[in-house]
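Down below is the structure, laid out as structure tokens.
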Amino acid sequence: MHVAFYGATGEVTGSFHTVVTDRDTTLLDCGLFQGRRKETEAKNRVLPVDPKIFTNMVLSHAHIDHSGRIPMLTRDGFSGHIFCTRATAHACKYLLRDSAKIQEGDAAYLNYKTAKVFLAKLKTGGEQAKISAADQQEIKALLKSGDHDLRLDVVEKLLRENNLERITPLYTLAEAEESLGYFQGVPLHQTVTIGTELFCTFYGAGHILGSAMSVIQYKAEGQTKTVLYSGDLGRFDKPIIKDPTLDFAEEHRDIDLMIMESTYGSRVHEPVTDMKPMLKKVLTETFARGGSVIIPAFAYGRTQELLYFMHELFLAKEIPPMPVWVDSPLATDMTNVFGEHPETYDEETHESFLRKGLNPFDFEQLKFVQSVEESMALNRESKSHIVLAGSGMCEGGRVLHHLRHKIHDERNTVLIVGYMGQNTFGRRLQELGEKYQADGRRGEPPMVRFYNKDYPLKARVVTLGGFSAHGDRQEMTRVLKESNLVIKKIALVHGEEEQTQGFAEYLRREGFNVVVPFHGQSVFV
Ligand SMILES: [Zn+2]
């Protein structure tokens, strides 16, 4: 038996590992590489292993960097089942569709750009000459209807007739829909057969709704080999979902190889318990100024954690009953998924909400915005309110028009609750806003440019850390040391070089046998 690593080696995205026995090849996760298109396009385009050879697949959780290439897998000949928890299967229904729409949108936009450049060259007869405003207008009218909608049929026809390079999406919405038929939701702690003499049992990983560690056992000729795949590991004492499992069934405790994530292997987070008072402080101060709070929020997990904390604060009358708007169709769908899986909730959620007949994600002031018109109407709302809108890194989506109407007003707060990637608009807001605050808000406010205009960033920008879905070094070590597992070897994946190597050194000092596999490496069990 061996495990081979083809993704999330020396990086945090594109998880793709295989467990190979004499009779079966099992795929662990089938994630998308995320980051700049230039760097990820080639890595995403071709699956590293022919999907036809897999007996089955095991999926740790629904995040796109673990599930995002499943539609390619099923399109290209995979014929097994995708085993995961029921909540993960449910979440994938929305996340994979959403991912397909993004893939289709990106491809359409790139094709539009190719067509536009081609038409501009026709007008000027060469690359260098400057195209007139009238010609630009003409090209735009040909390729777009209104301001935003691409005329895809015209774009495609133009590319075809002129033999121009046409980008196809990584997968289509139809392919994503088709892949959903392969999912097989399994309850935690229930063992399923996933191959010849090969079995899988899920244990909660505490990372996101539905996330699981998978114990994979090969039992043949009186011998047992056990691989434990951590998937992404969560934090302890987070709201809503149960903590990472420490108590494993007796037959699952002797681990020959643990495949373990290492995202924050060299870091220590702020404690989870400090989050609610910090949130309360930000909301109270903003409301006292007569301002509103705008939260760029990730649809799956972060939005629901914030709603949970707000609901608690409202119930305890610790903050005034201001309206809360969730302005993201995906976040609305994902909140419904959370609402339908109380089996994943921790004891505290049962005590604070369920036993009182309350749903943590449903309270009087909470409204879910559906249409674009409703979303636009919110801009005219002058009373204090809270709006959560996507995208999480402010790279697009409805959050932008909320920012456009709110960032010039110093009474308002932009509350950042998630990681802002380098070179994203969210990161820019965060850096400029925090610097202006640190400088005592003296002088002219920084200007930020979006929607082709400059806006003064007068709203306060506050970052609430500690919402991370990944455990830090201490929390991951707790799973290794405080659980009843006996681990022979650990393979570290899913971390940037510095985090993984730092964690590896630390774990070796603690007495563990650790390998950091490179791309394509096999580790024998
Ligand atoms: Zn994850």
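By order in the structure tokens, chains are A, B, ...; within a chain, residues start at 1; ligands start at 1, following the order shown.
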Do a neighbour search on stretch 190-196 of chain A at 7 Å with only C-alpha atoms, toss out local chain neighbours closer than 4 positions, and write the hits as a PDB file with N, CA and C atoms, in the first residue's frame.
```pdb
ATOM      1  N   ARG A  23      -5.288  -3.925  -5.302  1.00  0.00           N
ATOM      2  CA  ARG A  23      -6.547  -4.047  -6.044  1.00  0.00           C
ATOM      3  C   ARG A  23      -7.212  -2.716  -6.372  1.00  0.00           C
ATOM      4  N   ASP A  24      -6.930  -1.680  -5.605  1.00  0.00           N
ATOM      5  CA  ASP A  24      -7.703  -0.440  -5.751  1.00  0.00           C
ATOM      6  C   ASP A  24      -6.834   0.816  -5.734  1.00  0.00           C
ATOM      7  N   THR A  55     -11.140   3.478  -8.150  1.00  0.00           N
ATOM      8  CA  THR A  55     -12.303   2.689  -7.739  1.00  0.00           C
ATOM      9  C   THR A  55     -13.345   3.632  -7.149  1.00  0.00           C
ATOM     10  N   ASN A  56     -12.900   4.450  -6.193  1.00  0.00           N
ATOM     11  CA  ASN A  56     -13.795   5.399  -5.522  1.00  0.00           C
ATOM     12  C   ASN A  56     -13.000   6.614  -5.085  1.00  0.00           C
ATOM     13  N   CYS A 200     -13.595   2.792   4.923  1.00  0.00           N
ATOM     14  CA  CYS A 200     -13.416   4.196   5.311  1.00  0.00           C
ATOM     15  C   CYS A 200     -14.398   4.570   6.412  1.00  0.00           C
ATOM     16  N   THR A 201     -13.898   5.323   7.406  1.00  0.00           N
ATOM     17  CA  THR A 201     -14.749   5.822   8.496  1.00  0.00           C
ATOM     18  C   THR A 201     -14.441   7.297   8.707  1.00  0.00           C
TER      19      THR A 201
END
```
What does the list of residues within 8 Å of ligand 1 look like if you count only C-alpha atoms and all ligand atoms, written as a list in words?
His61, Ala62, His63, Ile64, Asp65, His66, His207, Ile208, Ser211, Gly231, Asp232, Leu233, Ala469 and His470 of chain A
So which residues touch A:Tyr308 within 12 Å, counting only C-alpha atoms, skipping near sequence neighbours fewer than 5 positions away, as a PyMOL selection string?
chain A and resi 238-241+275-276+279+301-303+313-315+324+335+338-339+345+348-349+352-353+358-363+366
Now that the selection is made, can you save its residues with C-alpha atoms as a compact mmCIF listing (two decimals), in the first residue's frame?
```txt
# COMPACT_ATOMS: atom_id res chain seq x y z
CA LYS A 238 -15.36 27.54 17.62
CA PRO A 239 -19.06 28.34 17.45
CA ILE A 240 -21.62 26.02 15.83
CA ILE A 241 -19.69 22.89 14.82
CA MET A 275 -14.29 37.06 19.22
CA LYS A 276 -17.73 37.88 20.54
CA LEU A 279 -17.52 41.98 17.53
CA GLY A 301 -18.71 29.31 7.31
CA ARG A 302 -17.72 32.88 8.11
CA THR A 303 -21.17 34.31 7.32
CA LEU A 313 -25.61 39.34 21.19
CA PHE A 314 -29.17 40.30 20.21
CA LEU A 315 -30.70 37.66 22.50
CA VAL A 324 -28.88 42.55 9.46
CA THR A 335 -26.98 29.34 5.51
CA PHE A 338 -26.14 25.00 7.92
CA GLY A 339 -29.74 25.15 9.14
CA TYR A 345 -23.68 21.27 15.96
CA GLU A 348 -23.22 24.90 23.15
CA THR A 349 -25.32 25.48 20.03
CA SER A 352 -28.12 28.26 23.42
CA PHE A 353 -30.54 27.72 20.57
CA LEU A 358 -34.51 28.67 18.26
CA ASN A 359 -32.67 28.38 14.98
CA PRO A 360 -29.24 30.05 15.27
CA PHE A 361 -29.54 31.33 11.71
CA ASP A 362 -32.97 32.87 11.94
CA PHE A 363 -33.82 35.97 13.96
CA LEU A 366 -32.21 39.11 9.81
```
With a distance cut-off of 10 Å and only C-alpha atoms, select the neighbouring residues of A:Ala220, excluding the residue or stretch itself and same-chain residues fewer than 4 positions from it, and output the selection as a PDB file with C-alpha atoms, in the first residue's frame.
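Contents of around.pdb, freshly written:
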```
ATOM      1  CA  THR A 196     -11.648  -4.717  -2.059  1.00  0.00           C
ATOM      2  CA  GLU A 197     -10.708  -5.191   1.604  1.00  0.00           C
ATOM      3  CA  LEU A 198     -10.680  -1.389   1.890  1.00  0.00           C
ATOM      4  CA  THR A 224      -4.328  -4.226   8.805  1.00  0.00           C
ATOM      5  CA  LYS A 225      -2.839  -1.026   7.392  1.00  0.00           C
TER       6      LYS A 225
END
```
Would you return as a PyMOL selection string the members of stretch 142-391 of chain A that DSSP assigns to helix (DSSP H, G or I) on this structure's backbone?
chain A and resi 142-143+152-161+173-182+250-252+272-288+302-315+329-339+342-344+347-352+354-356+372-380
Would you list the contacts of A:Phe298 as a ChimeraX atom specification, taking every protein, DNA or RNA residue within 10 Å and counting only C-alpha atoms, but skipping same-chain residues closer than 2 positions in sequence?
/A:295-296,300-304,328,330-331,388-393,417-419
For A:Asp135, find every residue with an atom within 12 Å (counting only C-alpha atoms), except residues of its own chain fewer than 6 positions away, and show them as a list of chain:residue names.
A:Lys116, A:Leu119, A:Ala120, A:Lys121, A:Leu122, A:Lys123, A:Thr124, A:Ala141, A:Leu142
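Close contacts of A:Thr13, defined as residues with an atom at most 9 Å away when counting only C-alpha atoms, with chain neighbours fewer than 6 positions off set aside, comprise Gly7, Gly31, Leu32, Phe33, Gln34, Gly35, Ile64, Asp65, His66, His494 and Gly495 of chain A.
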Could you tell me, as a PyMOL selection string, which residues of stretch 326-487 of chain A DSSP assigns to strand (DSSP E) when given the backbone?
chain A and resi 326-327+366-368+386-389+413-416+447-450+453-456+460-463+486-487
What does the distance from atom CA of A:Arg166 to atom CA of A:Lys52 come to in Å, to one decimal?
27.5 Å
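Distances from A:Asn452, A:Ser214, A:Thr18, A:Ser262 to A:Gly234 were compared using only C-alpha atoms, and the smallest one belongs to A:Ser262.
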Atom CA of A:Phe16 to atom CA of A:Val523, distance in Å rounded to a single decimal:
14.3 Å
Selected residue of minimal separation from A:Glu11 among A:Arg289, A:His269, A:Asp327, A:Thr263, counting only C-alpha atoms
A:Thr263
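Comparing the minimum interatomic distances between A:Phe512 and each of A:Leu457, A:Ala297, A:Leu158, A:Met258, counting only C-alpha atoms, we find that A:Met258 sits nearest.
Compared by their closest atoms to A:Ser230, and using only C-alpha atoms, the residues A:Val49, A:Ala316, A:Leu432, A:Met213 rank with A:Met213 nearest.
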